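Dropping my_file-v4.csv in here (CSV, C-alpha atoms):
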```csv
chain,number,residue,atom,x,y,z
A,1,MET,CA,12.4,-34.0,-5.3
A,2,ILE,CA,12.9,-30.5,-6.7
A,3,ASP,CA,10.0,-28.8,-8.5
A,4,LYS,CA,10.8,-28.5,-12.2
A,5,ARG,CA,8.4,-25.6,-12.9
A,6,PRO,CA,8.0,-22.3,-11.1
A,7,GLY,CA,4.3,-23.0,-11.0
A,8,ASP,CA,4.8,-26.2,-9.0
A,9,ALA,CA,6.9,-24.3,-6.4
A,10,ALA,CA,4.3,-21.5,-6.2
A,11,ASP,CA,1.5,-24.1,-5.7
A,12,ARG,CA,3.4,-25.8,-2.9
A,13,LEU,CA,4.1,-22.4,-1.3
A,14,THR,CA,0.5,-21.3,-1.3
A,15,ASP,CA,-0.6,-24.6,0.2
A,16,SER,CA,1.4,-23.9,3.4
A,17,ASP,CA,-0.7,-22.8,6.3
A,18,TRP,CA,2.3,-21.2,8.1
A,19,PHE,CA,3.3,-19.2,5.1
A,20,GLU,CA,-0.3,-18.0,4.6
A,21,ARG,CA,-0.3,-16.7,8.2
A,22,LEU,CA,2.9,-14.8,7.6
A,23,ALA,CA,1.5,-13.3,4.4
A,24,ARG,CA,-1.7,-12.3,6.2
A,25,ALA,CA,0.4,-10.6,8.9
A,26,GLY,CA,1.5,-8.2,6.1
A,27,HIS,CA,-2.0,-6.8,6.0
A,28,VAL,CA,-1.9,-6.3,9.8
A,29,VAL,CA,1.4,-4.3,9.5
A,30,SER,CA,0.0,-2.3,6.6
A,31,GLY,CA,-3.1,-1.5,8.7
A,32,LEU,CA,-0.9,-0.2,11.5
A,33,LEU,CA,1.1,1.9,9.2
A,34,HIS,CA,-2.0,3.5,7.6
A,35,LEU,CA,-3.4,4.2,11.1
A,36,LEU,CA,-0.1,5.9,12.0
A,37,ILE,CA,-0.1,7.9,8.8
A,38,ALA,CA,-3.7,9.0,9.6
A,39,TYR,CA,-2.6,10.1,13.0
A,40,ILE,CA,0.3,12.1,11.5
A,41,VAL,CA,-2.1,13.7,9.0
A,42,LEU,CA,-4.5,14.6,11.8
A,43,ARG,CA,-1.6,16.2,13.8
A,44,LEU,CA,-0.6,18.2,10.7
A,45,ALA,CA,-4.1,19.5,10.4
A,46,PHE,CA,-3.7,21.2,13.7
A,47,GLY,CA,-0.2,22.5,13.0
A,48,ASP,CA,2.1,19.9,14.5
A,49,PRO,CA,5.1,18.9,12.4
A,50,GLY,CA,5.7,15.4,10.9
A,51,SER,CA,6.2,13.4,7.7
A,52,ALA,CA,2.8,12.2,6.5
A,53,ASP,CA,4.0,9.1,4.7
A,54,GLN,CA,5.4,5.6,5.2
A,55,SER,CA,8.7,6.9,6.4
A,56,GLY,CA,7.0,9.1,9.0
A,57,ALA,CA,5.1,6.1,10.3
A,58,LEU,CA,8.2,3.9,10.4
A,59,SER,CA,10.2,6.5,12.2
A,60,ILE,CA,7.7,6.3,15.1
A,61,PHE,CA,8.6,2.6,15.6
A,62,ALA,CA,12.3,3.3,15.1
A,63,SER,CA,12.4,5.6,18.2
A,64,SER,CA,12.5,2.7,20.7
A,65,THR,CA,14.2,-0.7,21.0
A,66,GLY,CA,10.8,-2.5,21.1
A,67,GLY,CA,9.7,-0.5,18.1
A,68,ARG,CA,12.8,-1.6,16.1
A,69,LEU,CA,12.1,-5.2,17.0
A,70,ALA,CA,8.5,-4.7,15.7
A,71,LEU,CA,10.1,-3.3,12.5
A,72,TRP,CA,12.0,-6.6,11.9
A,73,VAL,CA,8.7,-8.5,12.4
A,74,ALA,CA,7.2,-6.1,9.8
A,75,VAL,CA,10.1,-6.9,7.4
A,76,VAL,CA,9.4,-10.7,7.6
A,77,ALA,CA,5.6,-10.1,7.1
A,78,PHE,CA,6.2,-7.8,4.1
A,79,VAL,CA,8.6,-10.2,2.5
A,80,ALA,CA,6.1,-13.0,3.0
A,81,MET,CA,3.3,-10.9,1.4
A,82,ALA,CA,5.6,-10.1,-1.5
A,83,LEU,CA,6.4,-13.8,-2.1
A,84,TRP,CA,2.7,-14.5,-2.0
A,85,ARG,CA,2.0,-11.9,-4.6
A,86,ILE,CA,4.9,-13.4,-6.7
A,87,ALA,CA,3.1,-16.7,-6.5
A,88,GLU,CA,-0.1,-15.1,-7.7
A,89,THR,CA,1.8,-13.6,-10.6
A,90,ILE,CA,2.9,-17.1,-11.6
A,91,VAL,CA,-0.3,-19.2,-10.9
A,92,GLY,CA,-3.0,-16.5,-11.0
A,93,PRO,CA,-5.0,-14.7,-8.2
A,94,HIS,CA,-6.1,-16.3,-5.0
A,95,PRO,CA,-4.3,-19.6,-5.6
A,96,SER,CA,-5.4,-21.2,-2.4
A,97,GLU,CA,-9.0,-19.9,-2.4
A,98,PRO,CA,-10.1,-19.7,-6.1
A,99,ARG,CA,-13.6,-19.1,-7.4
A,100,SER,CA,-15.1,-20.2,-10.7
A,101,ASP,CA,-15.5,-16.5,-11.8
A,102,ASP,CA,-11.9,-15.6,-11.1
A,103,ASP,CA,-10.1,-13.8,-14.0
A,104,ASP,CA,-6.5,-14.9,-13.9
A,105,GLY,CA,-5.6,-12.9,-17.0
A,106,ILE,CA,-2.7,-10.6,-17.6
A,107,PHE,CA,-4.1,-7.6,-15.7
A,108,ASP,CA,-4.6,-9.6,-12.5
A,109,ARG,CA,-1.1,-11.1,-12.8
A,110,ALA,CA,0.4,-7.8,-13.5
A,111,LYS,CA,-1.4,-6.2,-10.5
A,112,ALA,CA,0.0,-9.0,-8.3
A,113,GLY,CA,3.5,-8.4,-9.7
A,114,ALA,CA,3.2,-4.7,-9.0
A,115,LEU,CA,2.0,-5.4,-5.4
A,116,ALA,CA,5.0,-7.7,-4.9
A,117,VAL,CA,7.3,-4.8,-5.8
A,118,VAL,CA,5.4,-2.5,-3.4
A,119,TYR,CA,5.7,-5.0,-0.5
A,120,LEU,CA,9.4,-5.6,-1.2
A,121,ALA,CA,9.9,-1.8,-1.1
A,122,PHE,CA,8.0,-1.7,2.3
A,123,ALA,CA,10.2,-4.5,3.6
A,124,TRP,CA,13.3,-2.6,2.5
A,125,SER,CA,12.2,0.7,4.1
A,126,ALA,CA,11.2,-1.1,7.4
A,127,GLY,CA,14.6,-2.8,7.4
A,128,GLN,CA,16.4,0.5,6.9
A,129,PHE,CA,14.6,2.1,9.8
A,130,ALA,CA,15.1,-1.0,12.0
A,131,MET,CA,18.9,-0.5,11.4
A,132,GLY,CA,18.7,3.2,12.2
A,133,GLU,CA,19.4,4.2,8.6
A,134,GLY,CA,15.9,5.2,7.6
A,135,LYS,CA,15.5,8.5,5.6
A,136,SER,CA,12.5,10.7,4.8
A,137,SER,CA,10.7,9.5,1.7
A,138,GLY,CA,9.8,13.0,0.8
A,139,GLN,CA,13.5,14.1,0.8
A,140,GLN,CA,14.5,11.1,-1.2
A,141,ASN,CA,11.7,11.7,-3.8
A,142,ALA,CA,12.7,15.4,-4.1
A,143,GLY,CA,16.4,14.5,-4.5
A,144,LEU,CA,15.6,11.9,-7.2
A,145,SER,CA,13.2,14.3,-9.0
A,146,ALA,CA,15.9,17.0,-9.0
A,147,ARG,CA,18.3,14.7,-10.7
A,148,LEU,CA,15.7,13.6,-13.3
A,149,MET,CA,14.8,17.2,-14.0
A,150,GLU,CA,18.3,17.8,-15.3
A,151,SER,CA,17.3,16.3,-18.7
A,152,THR,CA,14.2,16.3,-20.9
A,153,ALA,CA,14.1,12.5,-20.8
A,154,GLY,CA,14.2,12.6,-17.0
A,155,LYS,CA,11.2,15.1,-17.0
A,156,ALA,CA,9.3,12.7,-19.3
A,157,VAL,CA,10.0,9.9,-16.9
A,158,LEU,CA,8.6,12.0,-14.0
A,159,VAL,CA,5.5,12.8,-16.0
A,160,VAL,CA,4.9,9.2,-16.8
A,161,ALA,CA,5.5,8.2,-13.1
A,162,GLY,CA,3.0,10.9,-12.0
A,163,LEU,CA,0.4,9.7,-14.5
A,164,ILE,CA,0.8,6.1,-13.3
A,165,ILE,CA,0.3,7.3,-9.7
A,166,ILE,CA,-2.8,9.1,-10.7
A,167,ALA,CA,-4.1,6.0,-12.5
A,168,VAL,CA,-3.4,3.9,-9.3
A,169,GLY,CA,-5.3,6.5,-7.3
A,170,ALA,CA,-8.2,6.5,-9.7
A,171,TYR,CA,-8.3,2.7,-9.6
A,172,HIS,CA,-8.5,2.8,-5.8
A,173,VAL,CA,-11.5,5.3,-6.0
A,174,TYR,CA,-13.2,3.0,-8.6
A,175,LYS,CA,-12.6,-0.1,-6.4
A,176,GLY,CA,-14.2,1.7,-3.5
A,177,VAL,CA,-17.2,3.2,-5.3
A,178,SER,CA,-17.9,0.0,-7.2
A,179,ARG,CA,-17.5,-2.1,-4.1
A,180,SER,CA,-15.4,-4.5,-6.1
A,181,PHE,CA,-13.1,-5.0,-3.1
A,182,PHE,CA,-15.5,-7.6,-2.0
A,183,ASP,CA,-14.1,-9.8,-4.8
A,184,ASP,CA,-11.0,-10.1,-2.7
A,185,LEU,CA,-12.9,-11.2,0.4
A,186,ARG,CA,-14.4,-14.5,1.5
A,187,ILE,CA,-17.4,-12.7,3.0
A,188,GLY,CA,-20.5,-11.3,1.3
A,189,ASP,CA,-21.3,-7.6,0.5
A,190,ASP,CA,-24.1,-7.5,3.1
A,191,ASN,CA,-21.6,-6.8,5.9
A,192,GLN,CA,-22.2,-3.1,6.5
A,193,ALA,CA,-19.1,-2.4,8.7
A,194,VAL,CA,-16.8,-3.9,6.0
A,195,LYS,CA,-18.7,-2.0,3.3
A,196,VAL,CA,-18.3,1.4,4.9
A,197,THR,CA,-14.6,0.9,5.8
A,198,GLY,CA,-13.8,-0.4,2.4
A,199,ILE,CA,-15.6,2.3,0.5
A,200,VAL,CA,-14.3,5.2,2.6
A,201,GLY,CA,-10.8,3.7,2.9
A,202,TYR,CA,-10.3,3.0,-0.8
A,203,VAL,CA,-11.8,6.3,-2.0
A,204,ALA,CA,-9.7,8.3,0.5
A,205,LYS,CA,-6.5,6.6,-0.3
A,206,GLY,CA,-7.2,6.9,-4.0
A,207,VAL,CA,-7.8,10.7,-3.7
A,208,VAL,CA,-4.6,11.1,-1.7
A,209,LEU,CA,-2.6,9.1,-4.2
A,210,ALA,CA,-4.1,10.9,-7.2
A,211,GLY,CA,-3.1,14.2,-5.5
A,212,ALA,CA,0.4,13.0,-5.0
A,213,GLY,CA,0.6,12.0,-8.7
A,214,ILE,CA,-0.7,15.4,-9.8
A,215,LEU,CA,2.0,17.1,-7.8
A,216,VAL,CA,4.7,14.9,-9.5
A,217,VAL,CA,3.4,16.0,-12.9
A,218,VAL,CA,3.3,19.7,-11.9
A,219,ALA,CA,6.8,19.4,-10.5
A,220,ALA,CA,8.1,18.0,-13.8
A,221,ILE,CA,6.4,20.7,-15.8
A,222,THR,CA,7.5,23.6,-13.5
A,223,ALA,CA,10.9,22.1,-12.8
A,224,ASP,CA,10.3,22.3,-9.1
A,225,PRO,CA,11.4,19.1,-7.3
A,226,SER,CA,10.1,20.3,-4.0
A,227,LYS,CA,6.6,19.5,-5.2
A,228,ALA,CA,7.5,15.9,-6.1
A,229,THR,CA,7.7,14.6,-2.5
A,230,GLY,CA,4.9,12.0,-2.7
A,231,LEU,CA,2.2,11.6,-0.2
A,232,ASP,CA,3.8,13.9,2.4
A,233,GLY,CA,4.0,16.7,-0.3
A,234,ALA,CA,0.3,16.2,-1.2
A,235,VAL,CA,-0.8,16.4,2.4
A,236,LYS,CA,1.2,19.5,3.1
A,237,THR,CA,0.0,21.2,0.0
A,238,VAL,CA,-3.6,20.7,1.1
A,239,ALA,CA,-2.7,22.1,4.5
A,240,GLY,CA,-2.0,25.4,2.9
A,241,TRP,CA,-5.4,25.7,1.3
A,242,PRO,CA,-8.2,27.8,2.9
A,243,ALA,CA,-10.2,24.7,3.8
A,244,GLY,CA,-7.0,22.7,4.4
A,245,GLN,CA,-7.6,21.8,8.0
A,246,PHE,CA,-11.1,20.4,7.3
A,247,LEU,CA,-9.8,18.4,4.2
A,248,LEU,CA,-6.9,17.0,6.2
A,249,VAL,CA,-9.2,15.8,9.0
A,250,LEU,CA,-11.3,14.0,6.3
A,251,ALA,CA,-8.2,12.5,4.8
A,252,ALA,CA,-7.0,11.3,8.2
A,253,LEU,CA,-10.4,9.6,8.8
A,254,GLY,CA,-10.3,8.0,5.4
A,255,LEU,CA,-6.8,6.7,5.8
A,256,ALA,CA,-7.7,5.4,9.2
A,257,ALA,CA,-10.7,3.6,7.6
A,258,TYR,CA,-8.3,2.0,5.1
A,259,GLY,CA,-6.1,0.9,8.0
A,260,VAL,CA,-9.1,-0.8,9.6
A,261,TYR,CA,-10.0,-2.4,6.3
A,262,CYS,CA,-6.4,-3.9,6.2
A,263,PHE,CA,-7.3,-5.7,9.4
A,264,VAL,CA,-10.4,-7.1,7.6
A,265,MET,CA,-8.1,-8.2,4.8
A,266,ALA,CA,-5.9,-10.0,7.3
A,267,ARG,CA,-8.8,-12.1,8.5
A,268,TYR,CA,-11.0,-12.5,5.4
A,269,ALA,CA,-8.9,-11.9,2.3
A,270,ARG,CA,-9.0,-14.7,-0.3
A,271,MET,CA,-5.4,-15.9,-0.7
```
As a first step, turn the structure in this file into structure tokens.
Amino acid sequence: MIDKRPGDAADRLTDSDWFERLARAGHVVSGLLHLLIAYIVLRLAFGDPGSADQSGALSIFASSTGGRLALWVAVVAFVAMALWRIAETIVGPHPSEPRSDDDDGIFDRAKAGALAVVYLAFAWSAGQFAMGEGKSSGQQNAGLSARLMESTAGKAVLVVAGLIIIAVGAYHVYKGVSRSFFDDLRIGDDNQAVKVTGIVGYVAKGVVLAGAGILVVVAAITADPSKATGLDGAVKTVAGWPAGQFLLVLAALGLAAYGVYCFVMARYARM
């Protein structure tokens, strides 16, 4: 019998143990990517070249046959996570492990929908690199920014996009400082290891994202698309500061902490 409502299909999907395992694998892949980005940032701190973003991390996998196979596994995991977030958008957060104090209002559903888009983008990027067609995210961002800067409306779109990225970064910082990330876990906030990795990871990722968003706004105002290259641009801008090396080492440690936290999510996330 075919489900008549999207909510029925979403409920059935989230009741599947095998599908939940696939979705949790998305957290594992995300953790690995953040650890690789942290490694690239650390190398940049000491003068080595590289692209300090998702494309740089994916290119490391794409350099070998085994790595490309791992990328296809990542595609499946990311698609599964995206579908899970779509289910949360339809039926509310944590459909298989709800709590009485859960707020399934429009903000939580919108956040789940936005994360679904993010994971689908991750899956697309991983698939492109698996097929040997992956491109630098920074170069693509700069190219798109250059086209948008050809018109006033395009510049306005860039400013709005930058402000959204800044807001997302600020939300990450808030989530880390307030320790509200424990709301997403099925363990208590008395676990010190999880507390430290969560706080450090969320704050570090938030600061890096906010920096990338600020550069997008600056790029739109100054009509300089080279500044709108995303995470990679933010990291390389910091590298040119007097205390750049020290700050990049801190950023690498913070991103690595977020990567470790992703592994915690894979095991303990409420889904």
* Using only C-alpha atoms: which of A:Leu83, A:Met131, A:His94, A:Leu215 has the shortest distance to Gly113 of chain A ->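 Of A:Leu83, A:Met131, A:His94, A:Leu215, the one nearest Gly113 of chain A, counting only C-alpha atoms, is A:Leu83.
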* **Residues near segment 260-265 of chain A, cut-off 10 Å, all atoms listed in the file, skip fewer than 4 positions along chain, as a PyMOL selection string** => chain A and resi 24-35+181+184-186+193-202+254-256+269-271
For the selection just defined, write its residues with C-alpha atoms to a file, as an mmCIF file, keeping the file's coordinate frame.
```
data_model
loop_
_atom_site.group_PDB
_atom_site.id
_atom_site.type_symbol
_atom_site.label_atom_id
_atom_site.label_comp_id
_atom_site.auth_asym_id
_atom_site.auth_seq_id
_atom_site.Cartn_x
_atom_site.Cartn_y
_atom_site.Cartn_z
ATOM 1 C CA ARG A 24 -1.700 -12.300 6.200
ATOM 2 C CA ALA A 25 0.400 -10.600 8.900
ATOM 3 C CA GLY A 26 1.500 -8.200 6.100
ATOM 4 C CA HIS A 27 -2.000 -6.800 6.000
ATOM 5 C CA VAL A 28 -1.900 -6.300 9.800
ATOM 6 C CA VAL A 29 1.400 -4.300 9.500
ATOM 7 C CA SER A 30 0.000 -2.300 6.600
ATOM 8 C CA GLY A 31 -3.100 -1.500 8.700
ATOM 9 C CA LEU A 32 -0.900 -0.200 11.500
ATOM 10 C CA LEU A 33 1.100 1.900 9.200
ATOM 11 C CA HIS A 34 -2.000 3.500 7.600
ATOM 12 C CA LEU A 35 -3.400 4.200 11.100
ATOM 13 C CA PHE A 181 -13.100 -5.000 -3.100
ATOM 14 C CA ASP A 184 -11.000 -10.100 -2.700
ATOM 15 C CA LEU A 185 -12.900 -11.200 0.400
ATOM 16 C CA ARG A 186 -14.400 -14.500 1.500
ATOM 17 C CA ALA A 193 -19.100 -2.400 8.700
ATOM 18 C CA VAL A 194 -16.800 -3.900 6.000
ATOM 19 C CA LYS A 195 -18.700 -2.000 3.300
ATOM 20 C CA VAL A 196 -18.300 1.400 4.900
ATOM 21 C CA THR A 197 -14.600 0.900 5.800
ATOM 22 C CA GLY A 198 -13.800 -0.400 2.400
ATOM 23 C CA ILE A 199 -15.600 2.300 0.500
ATOM 24 C CA VAL A 200 -14.300 5.200 2.600
ATOM 25 C CA GLY A 201 -10.800 3.700 2.900
ATOM 26 C CA TYR A 202 -10.300 3.000 -0.800
ATOM 27 C CA GLY A 254 -10.300 8.000 5.400
ATOM 28 C CA LEU A 255 -6.800 6.700 5.800
ATOM 29 C CA ALA A 256 -7.700 5.400 9.200
ATOM 30 C CA ALA A 269 -8.900 -11.900 2.300
ATOM 31 C CA ARG A 270 -9.000 -14.700 -0.300
ATOM 32 C CA MET A 271 -5.400 -15.900 -0.700
#
```
* Asked: So which residues touch Ala167 of chain A within 10 Å, counting all atoms listed in the file, skipping near sequence neighbours fewer than 6 positions away, as a ChimeraX atom specification?
  -> /A:161,173,206,209-210,213
* Contacts of Ala82 of chain A at 10 Å (only C-alpha atoms; same-chain gap of 2+ positions) as a VMD selection string -> chain A and resid 23 26 76 to 80 84 to 88 112 to 123
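When atom CA of Ala243 of chain A is paired with atom CA of Leu231 of chain A, their separation reads 18.5 Å.
In this model, the gap between atom CA of Glu133 of chain A and atom CA of Pro225 of chain A comes to 23.2 Å.
Nearest residue to Val160 of chain A among A:Val217, A:Phe46, A:Ser178, A:Ile106 is A:Val217, counting all atoms listed in the file.
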* segment 149-155 of chain A environment, 8 Å, only C-alpha atoms, sequence neighbours closer than 3 positions dropped, as JSON, numbers by chain -> {"A": [145, 146, 158, 159, 220, 221, 223, 225]}
At a cut-off of 10 Å, can you tabulate as a tab-separated table every residue of segment 123-166 of chain A near segment 66-74 of chain A together with its closest atom pair and the distance in Å to one decimal, using only C-alpha atoms and ordering rows by chain then number?
```
residue	atom	partner	partner_atom	distance
A:Ala123	CA	A:Ala74	CA	7.1
A:Ser125	CA	A:Leu71	CA	9.5
A:Ala126	CA	A:Leu71	CA	5.7
A:Gly127	CA	A:Trp72	CA	6.4
A:Gln128	CA	A:Leu71	CA	9.2
A:Phe129	CA	A:Arg68	CA	7.5
A:Ala130	CA	A:Arg68	CA	4.7
A:Met131	CA	A:Arg68	CA	7.8
A:Gly132	CA	A:Arg68	CA	8.5
```
* To do: Go ahead and compute the interatomic distance for atom CA of Asp48 of chain A and atom CA of Gln245 of chain A, in Å to one decimal.
  =>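 Atom CA of Gln245 of chain A lies 11.8 Å from atom CA of Asp48 of chain A.
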* Which of these residues is nearest to Phe19 of chain A, using only C-alpha atoms: A:Leu36, A:Met81, A:Val41, A:Val238? -> A:Met81
* Which residue of A:Trp18, A:Gly56, A:Arg267, A:Ala45 approaches Thr237 of chain A most closely, using all atoms listed in the file -> A:Ala45
* Asked: For Gly259 of chain A, which residue among A:Arg21, A:Arg109, A:Lys236, A:Lys205 is the nearest when counting all atoms listed in the file?
  ->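 Using all atoms listed in the file, the shortest distance to Gly259 of chain A belongs to A:Lys205.
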* Leu253 of chain A surroundings by all atoms listed in the file, 9 Å radius, close-in-sequence under 5 positions cut, as an MDAnalysis selection string -> chainID A and resid 38:39 42 200:201 204 248 258
* Can you find the residues with an atom no farther than 10 Å from (0.3, 13.3, -6.3), counting only C-alpha atoms, and report them as number ranges by chain? -> A: 161-163, 165-166, 169, 207-219, 227-235
